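Novice: Hey, dropping upload.cif in here, mmCIF, C-alpha atoms:
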```
data_input
loop_
_atom_site.label_atom_id
_atom_site.label_comp_id
_atom_site.auth_asym_id
_atom_site.auth_seq_id
_atom_site.Cartn_x
_atom_site.Cartn_y
_atom_site.Cartn_z
CA MET A 1091 -26.95 73.92 -16.06
CA ASN A 1092 -28.69 71.28 -18.14
CA ASP A 1093 -32.48 71.20 -18.22
CA SER A 1094 -32.79 68.87 -21.18
CA MET A 1095 -35.26 66.03 -20.81
CA LYS A 1096 -36.29 62.83 -22.52
CA THR A 1097 -39.68 63.02 -24.22
CA ASP A 1098 -42.00 60.87 -26.28
CA GLN A 1099 -42.69 61.45 -29.98
CA LYS A 1100 -45.08 64.30 -29.16
CA GLY A 1101 -42.51 66.05 -26.97
CA HIS A 1102 -44.07 65.08 -23.62
CA ILE A 1103 -42.57 63.22 -20.68
CA PRO A 1104 -44.35 59.84 -20.38
CA LYS A 1105 -47.04 59.85 -17.69
CA GLY A 1106 -46.29 58.11 -14.41
CA ARG A 1107 -42.54 58.71 -14.44
CA ILE A 1108 -41.01 60.40 -11.43
CA LYS A 1109 -39.43 63.70 -12.47
CA VAL A 1110 -36.14 64.42 -10.69
CA LEU A 1111 -34.02 67.59 -10.57
CA LEU A 1112 -30.37 67.22 -9.48
CA ALA A 1113 -28.56 69.93 -7.49
CA ASP A 1114 -24.86 69.31 -6.80
CA HIS A 1115 -21.88 71.64 -7.16
CA GLN A 1116 -19.78 68.87 -8.75
CA SER A 1117 -20.66 68.43 -12.43
CA LEU A 1118 -19.16 64.91 -12.54
CA CYS A 1119 -21.45 63.83 -9.71
CA ARG A 1120 -24.47 65.20 -11.56
CA ILE A 1121 -23.46 63.39 -14.74
CA GLY A 1122 -22.89 60.12 -12.88
CA LEU A 1123 -26.20 60.31 -11.03
CA SER A 1124 -28.05 61.23 -14.20
CA ASN A 1125 -26.55 58.26 -16.06
CA TYR A 1126 -27.39 55.87 -13.22
CA ILE A 1127 -30.96 57.09 -12.89
CA ALA A 1128 -31.43 56.91 -16.67
CA THR A 1129 -31.26 53.11 -16.38
CA THR A 1130 -34.45 53.15 -14.30
CA PRO A 1131 -37.53 53.46 -16.54
CA GLU A 1132 -39.79 54.78 -13.77
CA ILE A 1133 -37.62 57.85 -13.09
CA GLU A 1134 -36.70 60.77 -15.35
CA VAL A 1135 -33.95 63.37 -14.72
CA ILE A 1136 -35.41 66.59 -16.09
CA GLY A 1137 -32.55 68.92 -15.20
CA ASP A 1138 -29.37 69.46 -13.19
CA VAL A 1139 -27.88 72.53 -11.56
CA GLY A 1140 -24.78 73.48 -9.60
CA THR A 1141 -26.11 76.20 -7.28
CA GLY A 1142 -28.86 76.62 -4.73
CA ARG A 1143 -30.53 79.57 -6.44
CA GLU A 1144 -30.67 77.65 -9.73
CA ALA A 1145 -32.28 74.76 -7.88
CA ILE A 1146 -35.02 76.99 -6.49
CA GLU A 1147 -35.54 78.65 -9.89
CA LEU A 1148 -35.85 75.35 -11.77
CA CYS A 1149 -38.11 73.84 -9.11
CA GLU A 1150 -40.54 76.66 -9.85
CA LYS A 1151 -40.05 76.41 -13.63
CA LEU A 1152 -40.01 72.62 -14.18
CA GLN A 1153 -42.09 71.44 -11.20
CA PRO A 1154 -40.12 68.23 -10.53
CA ASP A 1155 -41.50 65.57 -8.21
CA VAL A 1156 -38.19 65.23 -6.37
CA LEU A 1157 -35.21 67.54 -5.86
CA LEU A 1158 -32.07 65.45 -5.19
CA LEU A 1159 -30.05 67.99 -3.21
CA GLU A 1160 -26.45 68.26 -1.99
CA LEU A 1161 -25.91 70.48 1.09
CA ASP A 1162 -22.63 72.10 0.01
CA LEU A 1163 -23.54 74.53 -2.75
CA PRO A 1164 -21.43 77.57 -3.71
CA ASP A 1165 -24.03 80.31 -3.20
CA ILE A 1166 -26.63 79.27 -0.63
CA ASP A 1167 -26.42 75.93 1.17
CA GLY A 1168 -28.94 73.12 1.13
CA PHE A 1169 -30.49 74.26 4.41
CA ASP A 1170 -31.44 77.57 2.80
CA VAL A 1171 -32.77 75.83 -0.32
CA VAL A 1172 -35.06 73.61 1.76
CA ARG A 1173 -36.24 76.54 3.85
CA GLN A 1174 -36.97 78.75 0.82
CA LEU A 1175 -38.89 75.97 -0.92
CA LEU A 1176 -40.99 75.58 2.23
CA ILE A 1177 -41.66 79.33 2.38
CA SER A 1178 -42.70 79.36 -1.29
CA LYS A 1179 -45.05 76.40 -0.60
CA SER A 1180 -43.42 74.38 -3.37
CA SER A 1181 -44.87 70.91 -3.92
CA VAL A 1182 -41.45 69.41 -4.74
CA LYS A 1183 -40.21 66.69 -2.37
CA THR A 1184 -36.59 67.24 -1.31
CA LEU A 1185 -34.24 64.26 -0.90
CA VAL A 1186 -30.87 65.30 0.54
CA LEU A 1187 -27.92 63.24 -0.77
CA THR A 1188 -24.74 64.27 1.02
CA ALA A 1189 -21.40 63.22 2.48
CA TYR A 1190 -22.55 64.41 5.92
CA ASP A 1191 -23.76 61.20 7.60
CA ASN A 1192 -25.17 63.15 10.49
CA GLU A 1193 -28.41 62.72 12.41
CA GLU A 1194 -28.46 66.34 13.60
CA TYR A 1195 -28.45 67.59 10.03
CA ALA A 1196 -31.09 65.03 9.07
CA ILE A 1197 -33.43 66.03 11.91
CA ARG A 1198 -32.98 69.74 11.21
CA LEU A 1199 -33.63 69.35 7.48
CA ILE A 1200 -36.70 67.17 7.98
CA LYS A 1201 -38.09 69.76 10.39
CA SER A 1202 -37.37 72.44 7.77
CA GLY A 1203 -39.32 70.64 5.06
CA ALA A 1204 -37.06 67.98 3.49
CA THR A 1205 -38.67 64.58 2.85
CA GLY A 1206 -35.55 62.42 2.95
CA TYR A 1207 -31.87 62.31 3.94
CA ILE A 1208 -29.32 59.79 2.66
CA ASN A 1209 -25.52 59.70 2.48
CA ARG A 1210 -23.32 59.07 -0.54
CA GLU A 1211 -22.27 55.60 0.66
CA ILE A 1212 -25.66 54.09 -0.13
CA THR A 1213 -26.13 51.62 -2.96
CA PHE A 1214 -27.74 52.56 -6.26
CA ASP A 1215 -30.74 50.35 -5.43
CA GLU A 1216 -31.27 52.23 -2.15
CA LEU A 1217 -31.06 55.56 -3.97
CA ILE A 1218 -33.78 54.50 -6.40
CA GLU A 1219 -35.90 53.19 -3.52
CA ALA A 1220 -35.44 56.49 -1.65
CA ILE A 1221 -36.50 58.54 -4.69
CA LYS A 1222 -39.64 56.43 -5.14
CA ILE A 1223 -40.60 56.61 -1.47
CA VAL A 1224 -39.96 60.34 -1.18
CA SER A 1225 -41.91 61.06 -4.38
CA SER A 1226 -44.97 59.46 -2.78
CA GLY A 1227 -44.73 61.91 0.13
CA SER A 1228 -43.31 59.43 2.66
CA LEU A 1229 -40.21 60.10 4.75
CA TYR A 1230 -36.97 58.26 3.94
CA LEU A 1231 -33.79 58.06 6.01
CA SER A 1232 -30.72 55.85 5.54
CA GLN A 1233 -30.81 52.78 7.78
CA SER A 1234 -27.79 53.89 9.84
CA LEU A 1235 -29.43 57.27 10.45
CA ARG A 1236 -32.72 55.68 11.51
CA GLU A 1237 -30.87 53.57 14.07
CA ARG A 1238 -28.88 56.50 15.47
CA ILE A 1239 -31.90 58.79 15.67
CA THR A 1240 -33.82 56.08 17.54
CA SER A 1241 -30.85 55.68 19.90
CA ARG A 1242 -30.78 59.42 20.54
CA LEU A 1243 -34.45 59.45 21.46
CA LEU A 1244 -33.63 56.93 24.20
CA GLN A 1245 -30.84 59.08 25.72
CA PRO A 1246 -31.41 60.52 29.21
CA VAL A 1247 -32.95 63.97 29.43
CA GLY A 1248 -30.25 66.63 29.79
CA SER A 1249 -27.77 65.12 27.32
CA PHE A 1250 -26.12 67.81 25.20
CA SER A 1251 -27.74 68.23 21.78
CA VAL A 1252 -27.66 70.76 18.97
CA ALA A 1253 -31.38 70.36 18.30
CA ASP A 1254 -32.13 73.81 19.75
CA LEU A 1255 -29.54 75.65 17.66
CA SER A 1256 -30.63 77.86 14.80
CA ASN A 1257 -29.38 76.93 11.33
CA ARG A 1258 -26.92 79.83 11.42
CA GLU A 1259 -25.58 78.83 14.86
CA LEU A 1260 -25.07 75.27 13.63
CA GLN A 1261 -23.31 76.58 10.53
CA ILE A 1262 -20.99 78.77 12.61
CA ILE A 1263 -19.90 76.07 15.08
CA SER A 1264 -19.41 73.55 12.28
CA ARG A 1265 -17.04 75.96 10.53
CA LEU A 1266 -15.24 76.69 13.79
CA GLY A 1267 -14.86 72.94 14.25
CA LEU A 1268 -13.15 72.80 10.86
CA GLY A 1269 -10.61 75.34 12.11
CA GLU A 1270 -11.92 78.45 10.34
CA THR A 1271 -11.34 81.77 12.08
CA ILE A 1272 -14.03 84.29 12.96
CA LYS A 1273 -12.61 86.59 10.27
CA THR A 1274 -12.75 83.87 7.59
CA ILE A 1275 -16.30 82.87 8.53
CA SER A 1276 -17.32 86.51 8.49
CA SER A 1277 -15.95 86.94 4.97
CA ASN A 1278 -17.37 83.66 3.59
CA LEU A 1279 -20.87 84.15 4.99
CA PHE A 1280 -21.02 87.94 4.42
CA LEU A 1281 -21.61 88.61 8.11
CA SER A 1282 -19.86 91.06 10.42
CA GLN A 1283 -17.30 89.58 12.81
CA ARG A 1284 -19.42 90.80 15.70
CA THR A 1285 -22.43 88.90 14.36
CA VAL A 1286 -20.39 85.71 13.97
CA GLU A 1287 -19.13 86.10 17.55
CA THR A 1288 -22.73 86.51 18.74
CA TYR A 1289 -23.85 83.32 17.00
CA LYS A 1290 -20.84 81.49 18.41
CA SER A 1291 -21.55 82.67 21.97
CA ARG A 1292 -25.23 81.76 21.76
CA ALA A 1293 -24.42 78.28 20.47
CA MET A 1294 -21.81 77.64 23.13
CA LYS A 1295 -24.18 78.78 25.86
CA LYS A 1296 -26.97 76.48 24.62
CA LEU A 1297 -24.55 73.54 24.46
CA GLY A 1298 -22.86 74.27 27.78
CA LEU A 1299 -19.42 74.63 26.16
CA LYS A 1300 -16.84 76.75 27.97
CA ASN A 1301 -14.10 77.30 25.38
CA ILE A 1302 -13.13 76.76 21.73
CA GLY A 1303 -11.38 73.49 22.59
CA GLU A 1304 -14.61 72.03 23.95
CA LEU A 1305 -16.44 73.36 20.89
CA VAL A 1306 -14.05 71.64 18.49
CA ARG A 1307 -14.26 68.36 20.41
CA PHE A 1308 -18.05 68.63 20.43
CA THR A 1309 -18.24 69.11 16.64
CA ILE A 1310 -15.95 66.11 16.06
CA ARG A 1311 -17.74 63.88 18.57
CA ASN A 1312 -21.12 64.72 17.07
CA ASN A 1313 -19.91 64.38 13.47
CA LEU A 1314 -20.78 67.99 12.61
CA ILE A 1315 -17.90 68.32 10.19
CA SER A 1316 -17.40 66.41 6.95
CA LYS A 1317 -15.10 63.40 6.99
CA TYR A 1318 -14.31 63.87 3.28
#
```
Using structure tokens, write down the structure from this file.

Specialist:
Amino acid sequence: MNDSMKTDQKGHIPKGRIKVLLADHQSLCRIGLSNYIATTPEIEVIGDVGTGREAIELCEKLQPDVLLLELDLPDIDGFDVVRQLLISKSSVKTLVLTAYDNEEYAIRLIKSGATGYINREITFDELIEAIKIVSSGSLYLSQSLRERITSRLLQPVGSFSVADLSNRELQIISRLGLGETIKTISSNLFLSQRTVETYKSRAMKKLGLKNIGELVRFTIRNNLISKY
């Protein structure tokens, strides 16, 4: 963890600069992002962390304007971070930057309290634009996501969607789509195998899926698993 920050001669961050906290499990990504952002005078990286719990702790301690958040964190995932910040009534704006170019994730996170969702293939200029827009309280989505979400809204009623799944149900079917077993999921998420089976059954019923083969095809077709 690095919570060092640039200050003026009196030890204060210059007024008007957007304060950003980075949360990504890959230290090289945090370093790269921090170096890129440092070239933009209007934005200041005030800290970086590698876990979800550290992100929540530093949001409370440092009060950043924007939390730039990766979903895949080693302790609690980005969904839990967003939800806990909402529960704590934190004023920080959360901008999700992830490899998951997925409209379902974007919709779910925005509903949970995130202010923006972008994927790692964006340009540096778009990242800076997203940070500025999110810091003002406005919603920001990558262009490709905006187009796909609009397209989904025009789909006929009755089309299968994961919008009604709980976060845990979505997490379970995504892991099943990756080929993980019930036993492995149970161990990784600290849940009983019976509980994992229950979440799986509920999700399949909501989606109208009859077997694990249909579930796997559904997760692939709907881009619920990472391509990286």

Novice: To test your reading of the syntax: which residues would the PyMOL selection byres ((chain A and resi 1152-1160) around 7) return for the file shown? Reply as a compact mmCIF listing (two decimals) with C-alpha atoms, in the coordinates of the input.

Specialist:
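expr-v1.txt written:
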```
# COMPACT_ATOMS: atom_id res chain seq x y z
CA ILE A 1108 -41.01 60.40 -11.43
CA LYS A 1109 -39.43 63.70 -12.47
CA VAL A 1110 -36.14 64.42 -10.69
CA LEU A 1111 -34.02 67.59 -10.57
CA LEU A 1112 -30.37 67.22 -9.48
CA ALA A 1113 -28.56 69.93 -7.49
CA ASP A 1114 -24.86 69.31 -6.80
CA LEU A 1148 -35.85 75.35 -11.77
CA CYS A 1149 -38.11 73.84 -9.11
CA GLU A 1150 -40.54 76.66 -9.85
CA LYS A 1151 -40.05 76.41 -13.63
CA LEU A 1161 -25.91 70.48 1.09
CA ASP A 1162 -22.63 72.10 0.01
CA LEU A 1163 -23.54 74.53 -2.75
CA GLY A 1168 -28.94 73.12 1.13
CA VAL A 1182 -41.45 69.41 -4.74
CA LYS A 1183 -40.21 66.69 -2.37
CA THR A 1184 -36.59 67.24 -1.31
CA LEU A 1185 -34.24 64.26 -0.90
CA VAL A 1186 -30.87 65.30 0.54
CA LEU A 1187 -27.92 63.24 -0.77
CA THR A 1188 -24.74 64.27 1.02
CA SER A 1225 -41.91 61.06 -4.38
```

Novice: For A:Glu1287, find every residue with an atom within 12 Å (counting only C-alpha atoms), except residues of its own chain fewer than 5 positions away, and show them as a list in words.

Specialist: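 Listed by chain and then number, they are Arg1258, Glu1259, Ile1262, Ile1263, Leu1266, Thr1271, Ile1272, Lys1273, Ile1275, Ser1276, Leu1281, Ser1282, Arg1292, Ala1293, Met1294 and Ile1302 of chain A.
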
Novice: May I ask for the distance between atom CA of A:Asp1165 and atom CA of A:Ser1228, given in Å to one decimal place?

Specialist: 29.0 Å

Novice: Let me make sure I understand: among A:Ile1121, A:Leu1255, A:Val1306, A:Leu1299, which one has the smallest atom-to-atom distance to A:Glu1270 if we use all atoms listed in the file?

Specialist: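 Of all the options, A:Val1306 lies closest to A:Glu1270.
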
Novice: Can you work out the spacing between atom CA of A:Ser1124 and atom CA of A:Ile1218 in Å, to one decimal?

Specialist: 11.8 Å
